[in-house]
Amino acid sequence: MSLFNIDRPKVLIVDDSETNRDILSEILGDEYDIIEAVNGAEAIAVLQKESVNISLVLLDIVMPVMDGYEVLSVMNDKHWINDVPVIMISSDNSISSMRRAYELGITEFISRPFDALIVRHRAVNTIMLYAKQKKLVGMVTDQMYEKEKDSHMMINILSHIVEFRNGESGMHVLHVRQYTEVLLRQLVQITDMYDISESHISLIGKASALHDIGKISVPDHILNKPGRFTPEEFEIMKSHSMAGATMLREIKAYQNEPLVKVAYEICRWHHERYDGKGYPDGLKGEEIPISAQVVALADVYDALTSERIYKKAFPHEKAIEMIVNGECGMFNPLLIQCLEKSQEAIYKASHDDDIDEVMDRDAVARNIMQYAELSSSEEILRLLDFERMKNKFFSGLSKDIHFEYTISPPMVTIDPNNSGFLYEKAVIMNPLENEKLKSIISPEDVSGFLERLGETSKESPDMEYRCKTVLDCEPHNMQIYCRSVWNSSGELTGVIGKAVDLGYIQ
Amino acid sequence: MTLKECYNALGGDYNDVMSRLMMEKLVQKFVMKFLSDASYKNLISDMNEKKYDEAFREAHTLKGVSQNLSFTKLYLSSEAVTEALRAGDYDKAYSLLPQLEADYEQTVSVINEFSSGV
C-alpha cells in the first residue's frame with residue numbers, strides 16, 4: 001500500500017492446508033509480509049533464498065514431502081535457527097512432541113485451535129525478542145570496539161615513546177603486533193599444541209607492543225650508536241629485556257592482569273633462542289613461552305625489512321630466506337612453517353601503515369563470536385546474502401542451471417532465477433528417483449556422474465562431466481561443472497554446480 | 001441464514017470461533033472457503049487406494065481445519081479417523097468413515113445453503 005511496505009517484517013507460513021495458511025495470513029497480514037510454503041521442502045527453498053530476511057517462521061508439523069521436524073533439523077544443520085525464530089503450530093500438543101520441537105530450537109508452541117490475538121501477540125513478541133538480541137549484539141560490538149580502541153591507543157602511545165627516542169618511525173610496534181597476530185592465527189591452524197583462543201591472540205598482539213619498553217633504561221649514546229657495539233655496550237643493550245620485565249613486575253597493581261603477565265613473558269624472553277643460546281635466561285625450546293617465541297620472530301622479520309641507522313631494508317623475499325636459513329637466530333620449526341605459510345598476509349601487513357587497520361572491527365566481531373550466547377551467525381549470513389544477491393545478478397545473465405545438492409536430506413535445490421531449460425520447481429526431493437530428471441538424463445550418465453563425484457576429495461573438490469540430455473524432445477550435449485562440499489569432519493555433504501546446455505546434437 | 005444459524009445447523013460452536021478469530025466477516029470468508037478444501041476428497045481417495053500414510057495426513061489436515069473453524073461435529077469425527085490411522089488400525093478407520101462422510105456432507109450442505117443467501 002505504502003512505501004513503508006518494503007520494510008515490513010517477512011513471515012513465512014508453512015502449512016499443507018490452504019485454509020490454515022489463509023487464516024494465519026488474515027491474522028498477520030496487516031502487519032507483516034506473508035510468504036507461504038505448502039510443505040517443508042518449499043519452506044527450506046524459501047529460507048535458502050531469503051535466510052535472515054525472514055523474521056519469523058510459523059511451522060506446522062504434519063506435512064507431506066518434508067515435515068516440520070525435518071525442517072527444524074535442516075535449520076539446525078545450516079545454523080539458521082540462531083537467527084530465524086520458529087513458532088510451531090500444531091494440534092499434536094503431547095508433551096513428547098512439544099519437547100522434541102523445543103529441543104530442535106523453536107521459540108514458541110501454539111496449539112490448535114489457535115486464538116487470533118494470541119497468535120498475533122506471540123508473533124510480535126518473538127520478532128521483537130530476536131530484533132532486540134540482534135541490536136544488542138551490535139551495541140556490544142560497538143562498545144567493545146570503542147573500549148578496545150582507547151586502551152589500544154594508550155599502549156601504542158606509550159610504546160612509541162621508546163621508539164621515538166630510538167629515532168624510529170613508530171611503525172615498528174604496529175608491525176610487530178600485526179605479524180604476531182598473523183603468525184598466531186596460522187599457528188592455531190596447523191597445530192593444537194598450544195591452547196590459544198581468538199581473545200588470547202589479540203591479548204598477545206596487544207602485549208607485543210610493550211616488548212621493547214626496557215630500552216628506556218639504555219643510555220642514548222648506546223641506543224643510537226651507528227656503528228658496532230663494544231662487548232660492554234652490547235651487554236648493556238641486552239639488559240633491555242630483563243629491564244622491561246622488571247619494570248612490569250614493579251607495577252604492583254596489575255600483577256594478576258593477563259595483559260601484564262603476557263607482556264612480562266614477552267619483555268623478558270623475546271631474545272631467547274629455540275636452541276637455548278639466547279638471553280637473558282638461556283631458555284630452550286618450549287621452555288620459552290609461545291607468546292615470546294612469536295614476538296621474537298615478528299621482531300626479527302620487522303628488523304630485517306626496516307631501514308636502520310646501520311643498515312638498509314631487506315626486501316620481503318630476502319628476509320624470509322634469511323630467517324628460514326637460520327641466519328638470524330634459531331626458531332621453533334612450527335613457527336618457521338607459519339611464517340612461510342602466511343607470507344602473503346605478512347607482506348600485506350608490512351605495507352599497511354594505517355593505524356586503524358591494525359585494530360579493525362572484524363577482530364572485535366571475531367572476539368564476540370566466541371561467546372556461545374552471542375554466537376550469531378547473522379553477520380556471516382548477511383555477507384552470504386550479499387554474495388547471493390551479486391550471484392543472482394550475474395547469473396541472471398546466463399541460461400545455465402544453477403543447483404545445489406545436499407546428501408542429507410537428499411534434495412536438489414534449483415536456483416529459481418537459474419532454472420534454465422528445466423522449468424522445474426525449486427526443490428526436488430530424492431532426485432535420483434525423480435521422473436522428470438530420469439526422463440532427461442540416462443541412468444548410465446547418472447551413475448557416470450556419481451562415479452566422477454566419488455573421485456573428488458576435500459583437496460580437489462572440482463569436477464566436470466559431459467553427458468547427453470533430452471531437451472524439448474531433442475538430444476543436446478550438456479556440460480556439468482561441480483564442486484563437492486565437505487564438512488569440517490571431512491564428510492561429503494553435497495555438491496554445488498551448474499549445468500550448461502552445449503546445444504543440439506546434429 | 002445468519003452465520004450463527006449456519007454454525008448451529010452444522011453442529012459447530014459459533015461462540016468459540018468468534019472468541020478466537022474475532023471478526024464475523026473473516027469467519028464467514030473461511031467458512032465459505034471450506035467448500036474448496038480438498039482434504040476430505042483426498043482422504044477418501046487415499047483410503048480407496050489404501051495409501052494410509054497420505055490418508056493420515058489428509059485426515060489430520062481436515063481435523064486441523066475443522067478444529068480451527070470450530071466445526072465441532074466434523075472435528076470429532078475427523079479426529080477419530082485420524083487417530084485410528086495414526087495407530088495403524090485401518091479396519092477401525094474404515095468403520096469410522098460413514099460417520100465422517102455424514103458429518104462432512106451435512107457441513108457442506110449447510111454451508112452451501114448459507115452461502116446462497118450471502
# chains A, B, ... in the order shown; residues from 1 in each chain; ligands from 1

call {"tool": "closest_atom_pairs", "arguments": {"of": "chain B", "to": "chain A", "cutoff": "6 Å", "atoms": "only C-alpha atoms", "output": "CSV"}}
result
residue,atom,partner,partner_atom,distance
B:Arg20,CA,A:Asp115,CA,4.2
B:Leu21,CA,A:Ala116,CA,5.1
B:Gln67,CA,A:Pro113,CA,5.6
B:Asn68,CA,A:Pro113,CA,4.6

call {"tool": "residues_around", "arguments": {"residues": "region 96-112 of chain B", "least_positions_apart": "2", "cutoff": "10 Å", "atoms": "only C-alpha atoms", "output": "compact mmCIF listing (two decimals) with N, CA and C atoms, in the first residue's frame"}}
result
# COMPACT_ATOMS: atom_id res chain seq x y z
N MET B 1 -30.16 -17.03 6.24
CA MET B 1 -29.50 -17.74 7.36
C MET B 1 -28.32 -16.92 7.85
N LEU B 3 -24.80 -16.41 10.14
CA LEU B 3 -23.63 -17.24 10.36
C LEU B 3 -23.84 -18.09 11.62
N GLU B 5 -26.69 -19.16 12.78
CA GLU B 5 -27.62 -20.25 12.45
C GLU B 5 -26.89 -21.33 11.65
N CYS B 6 -26.02 -20.89 10.78
CA CYS B 6 -25.23 -21.84 9.99
C CYS B 6 -24.42 -22.74 10.92
N TYR B 7 -23.75 -22.14 11.90
CA TYR B 7 -22.97 -22.92 12.86
C TYR B 7 -23.85 -23.89 13.65
N ASN B 8 -24.99 -23.43 14.06
CA ASN B 8 -25.88 -24.31 14.81
C ASN B 8 -26.30 -25.50 13.95
N ALA B 9 -26.61 -25.21 12.65
CA ALA B 9 -27.10 -26.26 11.78
C ALA B 9 -26.02 -27.30 11.46
N LEU B 10 -24.75 -26.88 11.42
CA LEU B 10 -23.73 -27.87 11.06
C LEU B 10 -23.05 -28.47 12.30
N GLY B 11 -23.57 -28.14 13.45
CA GLY B 11 -23.01 -28.72 14.66
C GLY B 11 -21.70 -28.10 15.08
N GLY B 12 -21.58 -26.78 14.83
CA GLY B 12 -20.34 -26.10 15.21
C GLY B 12 -20.55 -25.22 16.44
N GLN B 28 -16.78 -15.85 8.22
CA GLN B 28 -17.65 -16.15 7.08
C GLN B 28 -16.85 -16.51 5.84
N VAL B 31 -15.42 -19.96 6.31
CA VAL B 31 -16.47 -20.98 6.26
C VAL B 31 -16.79 -21.29 4.80
N MET B 32 -16.92 -20.23 4.00
CA MET B 32 -17.24 -20.45 2.59
C MET B 32 -16.07 -21.08 1.84
N LYS B 33 -14.91 -20.73 2.25
CA LYS B 33 -13.74 -21.28 1.60
C LYS B 33 -13.58 -22.77 1.89
N PHE B 34 -14.21 -23.19 2.99
CA PHE B 34 -14.09 -24.60 3.36
C PHE B 34 -14.60 -25.51 2.24
N LEU B 35 -15.53 -24.98 1.44
CA LEU B 35 -16.09 -25.77 0.34
C LEU B 35 -15.00 -26.21 -0.64
N TYR B 40 -10.87 -33.64 2.51
CA TYR B 40 -11.82 -34.75 2.65
C TYR B 40 -11.79 -35.64 1.40
N LEU B 43 -8.72 -37.63 1.25
CA LEU B 43 -8.74 -38.69 2.26
C LEU B 43 -9.49 -39.92 1.73
N ILE B 44 -10.65 -39.65 1.16
CA ILE B 44 -11.46 -40.76 0.65
C ILE B 44 -10.72 -41.51 -0.46
N MET B 47 -7.93 -43.52 0.97
CA MET B 47 -8.42 -44.72 1.65
C MET B 47 -8.81 -45.79 0.63
N PHE B 71 -15.83 -26.33 13.76
CA PHE B 71 -16.86 -27.25 13.27
C PHE B 71 -16.78 -28.48 14.18
N LYS B 73 -18.62 -30.90 15.36
CA LYS B 73 -19.07 -32.24 14.99
C LYS B 73 -18.09 -32.89 14.00
N LEU B 74 -17.75 -32.13 12.96
CA LEU B 74 -16.84 -32.65 11.94
C LEU B 74 -15.45 -32.88 12.54
N TYR B 75 -15.08 -32.00 13.46
CA TYR B 75 -13.79 -32.14 14.12
C TYR B 75 -13.72 -33.49 14.85
N LEU B 76 -14.78 -33.82 15.58
CA LEU B 76 -14.75 -35.05 16.38
C LEU B 76 -14.67 -36.29 15.48
N SER B 77 -15.45 -36.29 14.37
CA SER B 77 -15.39 -37.50 13.54
C SER B 77 -14.08 -37.56 12.74
N SER B 78 -13.53 -36.41 12.34
CA SER B 78 -12.25 -36.48 11.63
C SER B 78 -11.10 -36.82 12.59
N GLU B 79 -11.25 -36.39 13.83
CA GLU B 79 -10.23 -36.75 14.81
C GLU B 79 -10.20 -38.26 15.05
N ALA B 80 -11.41 -38.84 15.12
CA ALA B 80 -11.48 -40.29 15.34
C ALA B 80 -10.76 -41.04 14.22
N VAL B 81 -11.01 -40.61 12.97
CA VAL B 81 -10.36 -41.27 11.83
C VAL B 81 -8.85 -41.05 11.89
N THR B 82 -8.44 -39.81 12.21
CA THR B 82 -7.01 -39.50 12.28
C THR B 82 -6.31 -40.41 13.29
N ALA B 84 -7.29 -43.31 14.48
CA ALA B 84 -7.28 -44.71 14.05
C ALA B 84 -6.15 -44.94 13.05
N TYR B 90 -6.44 -49.78 10.57
CA TYR B 90 -7.13 -49.37 9.34
C TYR B 90 -8.58 -49.84 9.31
N ASP B 91 -8.85 -51.05 9.87
CA ASP B 91 -10.24 -51.54 9.90
C ASP B 91 -11.12 -50.55 10.65
N LYS B 92 -10.57 -50.08 11.77
CA LYS B 92 -11.34 -49.13 12.56
C LYS B 92 -11.55 -47.84 11.77
N ALA B 93 -10.49 -47.40 11.05
CA ALA B 93 -10.59 -46.18 10.27
C ALA B 93 -11.71 -46.31 9.24
N TYR B 94 -11.74 -47.49 8.52
CA TYR B 94 -12.81 -47.70 7.54
C TYR B 94 -14.17 -47.67 8.21
N PHE B 114 -26.08 -21.66 3.31
CA PHE B 114 -25.70 -20.37 3.90
C PHE B 114 -25.15 -19.42 2.84
N SER B 115 -24.26 -19.94 1.97
CA SER B 115 -23.60 -19.03 1.03
C SER B 115 -24.55 -18.58 -0.07
N SER B 116 -25.58 -19.39 -0.35
CA SER B 116 -26.54 -18.95 -1.38
C SER B 116 -27.30 -17.72 -0.90
N GLY B 117 -27.37 -17.57 0.41
CA GLY B 117 -28.10 -16.41 0.94
C GLY B 117 -27.22 -15.19 1.16

call {"tool": "residues_around", "arguments": {"residues": "Val14 (chain A)", "least_positions_apart": "5", "cutoff": "12 Å", "atoms": "only C-alpha atoms", "output": "ChimeraX atom specification"}}
result
/A:19-22,24-25,34-47,56-64,66-68,71-72,86-90

call {"tool": "write_last_selection", "arguments": {"atoms": "C-alpha atoms", "output": "compact mmCIF listing (two decimals), in the first residue's frame"}}
result
# COMPACT_ATOMS: atom_id res chain seq x y z
CA THR A 19 -7.34 -22.92 4.80
CA ASN A 20 -4.91 -22.87 7.69
CA ARG A 21 -2.44 -20.73 5.76
CA ASP A 22 -5.24 -18.34 4.80
CA LEU A 24 -2.90 -17.17 9.56
CA SER A 25 -2.32 -14.77 6.68
CA ILE A 34 3.47 -13.14 4.24
CA ILE A 35 5.30 -15.83 2.31
CA GLU A 36 3.56 -19.20 2.10
CA ALA A 37 5.02 -22.67 1.71
CA VAL A 38 2.92 -25.82 1.33
CA ASN A 39 5.44 -28.24 2.79
CA GLY A 40 8.83 -28.42 4.48
CA ALA A 41 10.84 -28.64 1.28
CA GLU A 42 9.31 -25.44 -0.05
CA ALA A 43 10.00 -23.78 3.27
CA ILE A 44 13.67 -24.75 3.02
CA ALA A 45 13.80 -23.35 -0.50
CA VAL A 46 12.38 -20.03 0.75
CA LEU A 47 14.83 -19.93 3.67
CA LEU A 56 9.56 -15.43 11.73
CA VAL A 57 8.53 -18.90 10.63
CA LEU A 58 5.15 -20.38 11.59
CA LEU A 59 5.58 -24.10 11.17
CA ASP A 60 3.10 -26.97 11.03
CA ILE A 61 4.32 -30.46 11.99
CA VAL A 62 2.43 -32.98 9.88
CA MET A 63 3.04 -32.23 6.21
CA PRO A 64 3.76 -34.24 3.05
CA MET A 66 9.06 -32.94 4.41
CA ASP A 67 7.55 -32.48 7.85
CA GLY A 68 8.09 -29.77 10.45
CA VAL A 71 12.60 -28.52 8.57
CA LEU A 72 13.92 -27.83 12.07
CA VAL A 86 10.24 -20.52 14.66
CA ILE A 87 6.79 -20.80 16.20
CA MET A 88 5.36 -24.26 15.87
CA ILE A 89 1.62 -24.58 15.41
CA SER A 90 0.14 -27.99 15.96

call {"tool": "closest_residue", "arguments": {"among": "A:His200, A:His175, A:Arg100, A:Lys261", "to": "Ala298 (chain A)", "atoms": "only C-alpha atoms"}}
result
A:His175

call {"tool": "residues_around", "arguments": {"residues": "Ala209 (chain A)", "least_positions_apart": "4", "cutoff": "8 Å", "atoms": "only C-alpha atoms", "output": "list of chain:residue names"}}
result
A:Ile155, A:Asn156, A:Ser159, A:Val173, A:Leu174, A:Val176, A:Arg177, A:Gly205

call {"tool": "atom_distance", "arguments": {"atom1": "CA of Ile440 (chain A)", "atom2": "CA of Leu471 (chain A)"}}
result
6.9 Å

call {"tool": "atom_distance", "arguments": {"atom1": "CA of Ser55 (chain A)", "atom2": "CA of Phe403 (chain A)"}}
result
25.6 Å

call {"tool": "select_by_dssp", "arguments": {"residues": "region 11-154 of chain A", "states": "helix (DSSP H, G or I)", "output": "PyMOL selection string"}}
result
chain A and resi 18-28+40-53+68-77+80-82+95-103+116-154

call {"tool": "residues_around", "arguments": {"residues": "region 229-245 of chain A", "least_positions_apart": "3", "cutoff": "10 Å", "atoms": "only C-alpha atoms", "output": "PyMOL selection string"}}
result
chain A and resi 210-219+221-223+225-226+248-250+260-261+263-272+279-281

call {"tool": "write_last_selection", "arguments": {"atoms": "C-alpha atoms", "output": "CSV table (one decimal), in the first residue's frame"}}
result
chain,number,residue,atom,x,y,z
A,210,LEU,CA,55.5,-3.5,25.1
A,211,HIS,CA,58.3,-5.8,24.1
A,212,ASP,CA,61.0,-3.1,24.0
A,213,ILE,CA,59.9,-0.9,26.9
A,214,GLY,CA,63.2,-1.9,28.7
A,215,LYS,CA,65.1,0.2,26.2
A,216,ILE,CA,64.1,3.2,28.2
A,217,SER,CA,66.9,2.2,30.6
A,218,VAL,CA,69.6,2.0,27.8
A,219,PRO,CA,71.6,5.3,27.5
A,221,HIS,CA,74.6,7.1,23.1
A,222,ILE,CA,74.4,3.3,23.1
A,223,LEU,CA,70.9,3.1,21.8
A,225,LYS,CA,75.1,4.3,18.1
A,226,PRO,CA,75.5,4.0,14.4
A,248,LEU,CA,56.3,-4.6,34.7
A,249,ARG,CA,57.0,-6.6,37.8
A,250,GLU,CA,57.3,-3.4,39.8
A,260,VAL,CA,50.7,-7.8,32.2
A,261,LYS,CA,51.5,-11.4,32.6
A,263,ALA,CA,53.7,-8.7,28.5
A,264,TYR,CA,56.1,-9.8,31.2
A,265,GLU,CA,56.9,-13.1,29.2
A,266,ILE,CA,57.4,-11.1,26.0
A,267,CYS,CA,59.6,-8.5,27.5
A,268,ARG,CA,61.8,-10.9,29.3
A,269,TRP,CA,62.1,-13.7,26.7
A,270,HIS,CA,61.8,-12.1,23.3
A,271,HIS,CA,65.5,-12.6,22.8
A,272,GLU,CA,65.7,-16.2,23.8
A,279,TYR,CA,69.4,-14.2,26.5
A,280,PRO,CA,68.8,-13.4,29.4
A,281,ASP,CA,68.0,-16.8,30.7

call {"tool": "atom_distance", "arguments": {"atom1": "CA of Glu474 (chain A)", "atom2": "CA of His402 (chain A)"}}
result
21.4 Å
